[in-house]
Amino acid sequence: MKNTLTIARREFKSYFNSPAAYIVGALFLIVIAVMFWNSFFLEQRASVRRLFFWSYFVAVFVAPAITMGLLAEERRNGTLELLITYPVRDAEVVIGKYLGALGLYTVLLLLTLPQVFSVSTLGPLDWGTVFSGYLGLFLAGGAFLAIGVMASSWTSNQLIALIVALAISGVLVVVRHIMVFLPTGAASVLEWLSIGYHSDSMERGVIDTRDLLYFVSLIAICLGLAFRSLESRRWK
Amino acid sequence: MSDLVIEAKDLTKHYGDFVAINKLNFAVKKGEIVGLLGPNGAGKTTTMKILTCFTAPTEGTATVNGHDVFDQPLEVRSAVGYLPESTPLYTEMMVYEYLEFAADMRGLKGEKAKKQIKRAVEQAALGDVIGKEIRALSKGYRQRVGLAQALVHEPPLLILDEPMSGLDPNQAKEVRDVIKQIGQERTVILSTHNLPEVETTCDRVLIIARGKIVADDRPELLSHRAGRSRFLVNFLDQGEKTQAALKTLESISGVDVVHSLEAQRGELAFELIPKAEDDLRPAIFRAAVDNNLTLVGLAREGQNLEDIFRQLTVGNQA
């Protein structure tokens, strides 16, 4: 556990040592702000639903950019070898890296808060919905990041990690919008599998244990597969 | 506990169809500095990766400090300081920050961590660069940062994969001095294909070729065991006498082969390989006198490590 936090802390700090993280972070905030305020003044309503929608949308692209290097780049540089020959479990490495990325994502989410406060000065806001909306964003982002960590564990090429993560996240996001072509049974299964289906209800202010369970399982499965791929080097 | 730090039994590693190492057996005693020597692809790195629990052996077992590398990886890793090939470091970190991270990963805390980081910095002579980013350092300094992170928890065993490759002679000497100093209190196993390094640094040499150990001895003894000594003979060049001189030398009893070497500065040069480890110098002298050859040089040489290395790793490539 201690090792996990040490790794997470190092990872989190190292983001701030590279210009890439600042660029990605700035893009995240700028795109969200532009899209949100554009629609905000059109709608003339004190609501942050659109803020959540655009944050969710941008997170699909930003999360893989945050995670792409985590394991792939370390594998390419050889630092992964040194890291996992410290007295540390493979699972601690995976979770530590994930938490480092989640830390950066959390900071980015917190940096969107000023926009919420701005809205609240323009009209009354339902703070319960704001909270559940952020929880949904946090969990959806957490899922994208876990997918990214998994993709990063499969390759030593960051770009491939980015593309694979985008593809998997993309499928999980888009799947419920193509369901019209499918028979009802399959459609409802796919809808349940999609990330947006679960984060949407939170954006509306509904926190359902089934949604929480969905995110926790998705994150666990992805990190578990990343662990398997890291551990596979020790298979006889 | 026995004083064996490493014990490898029938250690074998396959990568698919490729056999990287094949039934390696060796033991390393406490306090030894062992050089793992071999051509590229001989299995040096694979052996080290198994000993650091990075990868698992396909067959066979190895123990480090009495712990099995497959069943007790955390115990083994705690006992080992490792510097992988080409010194992978987090180059965006500062030296001190990086060593703190390494100490943290080793479970060192507070004052103890500080004390041991300080000690590692001193041992690796890093005092001047402690506040610099690793990416700004020369290769020699980086190598020493790599050594410092491997030392920070004062492990009984250090495993260094090609610690001196890619360094200029001065840097290599600095790194070598650090390793020798470390070796006074700890067991060190290092790999290299630089032979002089082994002769000056190591107490013992393991030569690996094609996944097998082909020699295991002290560097100076290895020369005696594997190599017959040879004799270098020089005659004054007095006209067309090369063939005659060659015949004379070949006729000496106890001589196995005679090679004619390139003539230099008006001297004919020959190399004699004896059949057994006899001193042929008196016989060579007498033969020269009897045949009217003016002997101007006569030397007996043990084979150097380089010859042995070539003989063992290339010579028997069947």
# chains A, B, ... in the order shown; residues from 1 in each chain; ligands from 1
$ interface_residues --of "chain B" --to "chain A" --cutoff "7 Å" --atoms "only C-alpha atoms" --output "PyMOL selection string"
chain B and resi 52-58+74+77-78+84+88-89+92+104-106
$ residues_around --residues "Tyr56 of chain A" --least-positions-apart "6" --cutoff "9 Å" --atoms "only C-alpha atoms" --output "PyMOL selection string"
chain A and resi 136-137+140-141+196+199
$ residues_around --residues "Val116 of chain A" --least-positions-apart "5" --cutoff "9 Å" --atoms "only C-alpha atoms" --output "compact mmCIF listing (two decimals) with N, CA and C atoms, in the first residue's frame"
# COMPACT_ATOMS: atom_id res chain seq x y z
N SER A 47 -27.88 26.30 -15.45
CA SER A 47 -27.72 24.86 -15.30
C SER A 47 -26.31 24.47 -15.72
N VAL A 48 -25.75 23.47 -15.03
CA VAL A 48 -24.41 23.03 -15.40
C VAL A 48 -24.43 21.68 -16.11
N LEU A 51 -22.16 21.65 -18.88
CA LEU A 51 -20.76 21.60 -18.44
C LEU A 51 -20.34 20.15 -18.25
N THR A 121 -23.68 32.33 -9.52
CA THR A 121 -23.94 33.75 -9.28
C THR A 121 -25.02 34.28 -10.21
N LEU A 125 -28.60 27.25 -8.15
CA LEU A 125 -28.09 25.95 -8.61
C LEU A 125 -28.49 24.87 -7.63
N VAL A 130 -25.10 19.06 -8.67
CA VAL A 130 -23.71 19.37 -8.99
C VAL A 130 -22.81 18.28 -8.42
$ residues_around --residues "segment 38-45 of chain B" --least-positions-apart "6" --cutoff "8 Å" --atoms "only C-alpha atoms" --output "PDB file with N, CA and C atoms, in the first residue's frame"
ATOM      1  N   ALA B  20      17.838 -19.262 -24.037  1.00  0.00           N
ATOM      2  CA  ALA B  20      18.734 -18.167 -23.648  1.00  0.00           C
ATOM      3  C   ALA B  20      19.825 -18.668 -22.715  1.00  0.00           C
ATOM      4  N   ILE B  21      19.426 -19.438 -21.720  1.00  0.00           N
ATOM      5  CA  ILE B  21      20.422 -20.092 -20.883  1.00  0.00           C
ATOM      6  C   ILE B  21      20.001 -21.539 -20.676  1.00  0.00           C
ATOM      7  N   GLU B  85      20.826  -2.895 -17.590  1.00  0.00           N
ATOM      8  CA  GLU B  85      21.641  -2.464 -18.725  1.00  0.00           C
ATOM      9  C   GLU B  85      21.187  -1.077 -19.182  1.00  0.00           C
ATOM     10  N   ASP B 161      24.307  -4.765 -14.522  1.00  0.00           N
ATOM     11  CA  ASP B 161      24.356  -5.237 -15.904  1.00  0.00           C
ATOM     12  C   ASP B 161      25.129  -4.228 -16.755  1.00  0.00           C
ATOM     13  N   SER B 191      28.097  -7.837 -15.159  1.00  0.00           N
ATOM     14  CA  SER B 191      28.332  -8.421 -16.474  1.00  0.00           C
ATOM     15  C   SER B 191      29.079  -7.421 -17.329  1.00  0.00           C
ATOM     16  N   THR B 192      29.824  -7.942 -18.251  1.00  0.00           N
ATOM     17  CA  THR B 192      30.601  -7.063 -19.121  1.00  0.00           C
ATOM     18  C   THR B 192      31.091  -7.871 -20.301  1.00  0.00           C
ATOM     19  N   HIS B 193      31.476  -7.187 -21.386  1.00  0.00           N
ATOM     20  CA  HIS B 193      32.302  -7.897 -22.341  1.00  0.00           C
ATOM     21  C   HIS B 193      33.653  -7.222 -22.498  1.00  0.00           C
ATOM     22  N   ILE B 207      32.548 -17.324 -17.379  1.00  0.00           N
ATOM     23  CA  ILE B 207      32.389 -17.042 -18.805  1.00  0.00           C
ATOM     24  C   ILE B 207      31.195 -17.833 -19.319  1.00  0.00           C
ATOM     25  N   ILE B 208      30.264 -17.110 -19.913  1.00  0.00           N
ATOM     26  CA  ILE B 208      29.066 -17.746 -20.456  1.00  0.00           C
ATOM     27  C   ILE B 208      29.103 -17.639 -21.972  1.00  0.00           C
ATOM     28  N   ALA B 209      28.837 -18.747 -22.630  1.00  0.00           N
ATOM     29  CA  ALA B 209      28.707 -18.691 -24.085  1.00  0.00           C
ATOM     30  C   ALA B 209      27.568 -19.602 -24.493  1.00  0.00           C
ATOM     31  N   ARG B 210      26.725 -19.116 -25.346  1.00  0.00           N
ATOM     32  CA  ARG B 210      25.567 -19.851 -25.820  1.00  0.00           C
ATOM     33  C   ARG B 210      24.787 -20.515 -24.681  1.00  0.00           C
ATOM     34  N   GLY B 211      24.577 -19.754 -23.601  1.00  0.00           N
ATOM     35  CA  GLY B 211      23.722 -20.238 -22.529  1.00  0.00           C
ATOM     36  C   GLY B 211      24.372 -21.214 -21.582  1.00  0.00           C
ATOM     37  N   LYS B 212      25.673 -21.425 -21.728  1.00  0.00           N
ATOM     38  CA  LYS B 212      26.370 -22.379 -20.861  1.00  0.00           C
ATOM     39  C   LYS B 212      27.534 -21.684 -20.165  1.00  0.00           C
ATOM     40  N   PHE B 309      39.115 -16.034 -23.685  1.00  0.00           N
ATOM     41  CA  PHE B 309      37.727 -15.689 -23.954  1.00  0.00           C
ATOM     42  C   PHE B 309      37.354 -16.078 -25.380  1.00  0.00           C
ATOM     43  N   THR B 313      34.666 -18.921 -26.265  1.00  0.00           N
ATOM     44  CA  THR B 313      33.360 -18.497 -26.737  1.00  0.00           C
ATOM     45  C   THR B 313      33.207 -18.600 -28.246  1.00  0.00           C
TER      46      THR B 313
END
$ atom_distance --atom1 "atom CA of Asp168 of chain B" --atom2 "atom CA of Lys118 of chain B"
26.6 Å
$ closest_residue --among "A:Val60, A:Ile207, A:Leu109, A:Leu145" --to "Ala167 of chain A" --atoms "only C-alpha atoms"
A:Val60
$ atom_distance --atom1 "atom CA of Thr67 of chain A" --atom2 "atom CA of Ser132 of chain A"
24.9 Å
$ select_by_dssp --residues "segment 53-263 of chain B" --states "alpha helix (DSSP H)" --output "NGL selection string"
:B and (73-79 or 95-105 or 110-123 or 139-151 or 169-183 or 195-201 or 219-226 or 242-251)
$ residues_around --residues "Leu206 of chain B" --least-positions-apart "2" --cutoff "8 Å" --atoms "only C-alpha atoms" --output "PyMOL selection string"
chain B and resi 34-37+204+208+213-217
$ select_by_dssp --residues "segment 17-248 of chain B" --states "strand (DSSP E or B)" --output "PyMOL selection string"
chain B and resi 18-29+33-37+59-64+67-68+80-83+94+133+157-161+187-192+204-209+212-217+230-236
$ atom_distance --atom1 "atom CA of Ile134 of chain B" --atom2 "atom CA of Glu185 of chain B"
27.6 Å
$ residues_around --residues "Asp200 of chain A" --least-positions-apart "4" --cutoff "9 Å" --atoms "only C-alpha atoms" --output "PyMOL selection string"
chain A and resi 53+133+136+195-196+204-206
$ write_last_selection --atoms "N, CA and C atoms" --output "compact mmCIF listing (two decimals), in the first residue's frame"
# COMPACT_ATOMS: atom_id res chain seq x y z
N PHE A 53 -21.77 17.55 -19.60
CA PHE A 53 -21.75 16.85 -20.89
C PHE A 53 -20.43 17.07 -21.61
N GLY A 133 -23.28 15.03 -10.27
CA GLY A 133 -22.73 15.18 -11.61
C GLY A 133 -21.21 15.02 -11.61
N GLY A 136 -20.30 11.48 -11.14
CA GLY A 136 -20.42 10.75 -12.41
C GLY A 136 -19.21 11.01 -13.30
N ILE A 195 -20.81 3.51 -21.06
CA ILE A 195 -20.42 4.35 -19.93
C ILE A 195 -21.42 5.49 -19.71
N GLY A 196 -21.84 6.11 -20.80
CA GLY A 196 -22.73 7.26 -20.71
C GLY A 196 -24.05 6.93 -20.03
N ARG A 204 -28.04 13.77 -13.91
CA ARG A 204 -29.40 14.20 -13.59
C ARG A 204 -29.63 14.26 -12.09
N GLY A 205 -28.65 13.78 -11.33
CA GLY A 205 -28.79 13.88 -9.88
C GLY A 205 -29.15 12.58 -9.20
N VAL A 206 -29.14 11.48 -9.94
CA VAL A 206 -29.52 10.20 -9.35
C VAL A 206 -28.26 9.37 -9.10
$ decode --residues "segment 108-144 of chain A" --atoms "N, CA and C atoms" --output "tab-separated table (two decimals), in the first residue's frame"
chain	number	residue	atom	x	y	z
A	108	LEU	N	-7.79	18.43	-12.71
A	108	LEU	CA	-8.43	19.06	-13.87
A	108	LEU	C	-9.92	19.29	-13.60
A	109	LEU	N	-10.57	18.29	-12.98
A	109	LEU	CA	-12.00	18.45	-12.66
A	109	LEU	C	-12.20	19.61	-11.69
A	110	LEU	N	-11.33	19.69	-10.69
A	110	LEU	CA	-11.46	20.76	-9.70
A	110	LEU	C	-11.28	22.13	-10.37
A	111	LEU	N	-10.46	22.16	-11.41
A	111	LEU	CA	-10.23	23.42	-12.10
A	111	LEU	C	-11.44	23.86	-12.92
A	112	THR	N	-12.42	22.99	-13.10
A	112	THR	CA	-13.65	23.40	-13.79
A	112	THR	C	-14.63	24.03	-12.80
A	113	LEU	N	-14.36	23.85	-11.50
A	113	LEU	CA	-15.29	24.36	-10.48
A	113	LEU	C	-15.58	25.86	-10.58
A	114	PRO	N	-14.57	26.69	-10.87
A	114	PRO	CA	-14.87	28.13	-10.98
A	114	PRO	C	-16.02	28.42	-11.94
A	115	GLN	N	-16.15	27.61	-12.97
A	115	GLN	CA	-17.25	27.82	-13.91
A	115	GLN	C	-18.59	27.56	-13.24
A	116	VAL	N	-18.60	26.52	-12.35
A	116	VAL	CA	-19.82	26.22	-11.63
A	116	VAL	C	-20.18	27.40	-10.71
A	117	PHE	N	-19.17	27.94	-10.04
A	117	PHE	CA	-19.42	29.07	-9.15
A	117	PHE	C	-19.92	30.28	-9.94
A	118	SER	N	-19.35	30.46	-11.13
A	118	SER	CA	-19.82	31.57	-11.97
A	118	SER	C	-21.30	31.41	-12.28
A	119	VAL	N	-21.68	30.18	-12.63
A	119	VAL	CA	-23.09	29.94	-12.96
A	119	VAL	C	-23.96	30.24	-11.74
A	120	SER	N	-23.46	29.83	-10.55
A	120	SER	CA	-24.28	29.98	-9.35
A	120	SER	C	-24.53	31.46	-9.01
A	121	THR	N	-23.68	32.33	-9.52
A	121	THR	CA	-23.94	33.75	-9.28
A	121	THR	C	-25.02	34.28	-10.21
A	122	LEU	N	-25.27	33.52	-11.29
A	122	LEU	CA	-26.26	33.98	-12.27
A	122	LEU	C	-27.66	33.46	-11.99
A	123	GLY	N	-27.75	32.45	-11.16
A	123	GLY	CA	-29.06	31.91	-10.85
A	123	GLY	C	-28.93	30.80	-9.84
A	124	PRO	N	-30.04	30.33	-9.29
A	124	PRO	CA	-29.96	29.30	-8.26
A	124	PRO	C	-29.52	27.95	-8.86
A	125	LEU	N	-28.60	27.25	-8.15
A	125	LEU	CA	-28.09	25.95	-8.61
A	125	LEU	C	-28.49	24.87	-7.63
A	126	ASP	N	-28.79	23.71	-8.15
A	126	ASP	CA	-29.06	22.57	-7.27
A	126	ASP	C	-27.73	21.89	-6.94
A	127	TRP	N	-27.21	22.16	-5.74
A	127	TRP	CA	-25.86	21.67	-5.39
A	127	TRP	C	-25.81	20.16	-5.28
A	128	GLY	N	-26.94	19.53	-4.98
A	128	GLY	CA	-26.98	18.06	-4.95
A	128	GLY	C	-26.67	17.49	-6.32
A	129	THR	N	-27.30	18.08	-7.33
A	129	THR	CA	-27.06	17.64	-8.70
A	129	THR	C	-25.62	17.91	-9.11
A	130	VAL	N	-25.10	19.06	-8.67
A	130	VAL	CA	-23.71	19.37	-8.99
A	130	VAL	C	-22.81	18.28	-8.42
A	131	PHE	N	-23.07	17.90	-7.17
A	131	PHE	CA	-22.23	16.87	-6.55
A	131	PHE	C	-22.33	15.54	-7.29
A	132	SER	N	-23.56	15.10	-7.57
A	132	SER	CA	-23.70	13.79	-8.21
A	132	SER	C	-23.16	13.85	-9.64
A	133	GLY	N	-23.28	15.03	-10.27
A	133	GLY	CA	-22.73	15.18	-11.61
A	133	GLY	C	-21.21	15.02	-11.61
A	134	TYR	N	-20.58	15.66	-10.62
A	134	TYR	CA	-19.12	15.53	-10.52
A	134	TYR	C	-18.72	14.11	-10.19
A	135	LEU	N	-19.54	13.46	-9.33
A	135	LEU	CA	-19.23	12.06	-9.02
A	135	LEU	C	-19.27	11.22	-10.29
A	136	GLY	N	-20.30	11.48	-11.14
A	136	GLY	CA	-20.42	10.75	-12.41
A	136	GLY	C	-19.21	11.01	-13.30
A	137	LEU	N	-18.80	12.29	-13.36
A	137	LEU	CA	-17.64	12.65	-14.18
A	137	LEU	C	-16.37	11.98	-13.66
A	138	PHE	N	-16.26	11.96	-12.35
A	138	PHE	CA	-15.09	11.37	-11.73
A	138	PHE	C	-15.02	9.88	-12.06
A	139	LEU	N	-16.17	9.22	-11.96
A	139	LEU	CA	-16.19	7.78	-12.20
A	139	LEU	C	-16.01	7.45	-13.69
A	140	ALA	N	-16.66	8.24	-14.54
A	140	ALA	CA	-16.51	8.01	-15.98
A	140	ALA	C	-15.05	8.23	-16.38
A	141	GLY	N	-14.47	9.33	-15.88
A	141	GLY	CA	-13.06	9.60	-16.15
A	141	GLY	C	-12.19	8.49	-15.59
A	142	GLY	N	-12.53	8.03	-14.40
A	142	GLY	CA	-11.79	6.93	-13.78
A	142	GLY	C	-11.81	5.70	-14.66
A	143	ALA	N	-12.96	5.46	-15.30
A	143	ALA	CA	-13.08	4.31	-16.20
A	143	ALA	C	-12.21	4.52	-17.45
A	144	PHE	N	-12.26	5.73	-18.01
A	144	PHE	CA	-11.42	6.00	-19.20
A	144	PHE	C	-9.94	5.83	-18.86
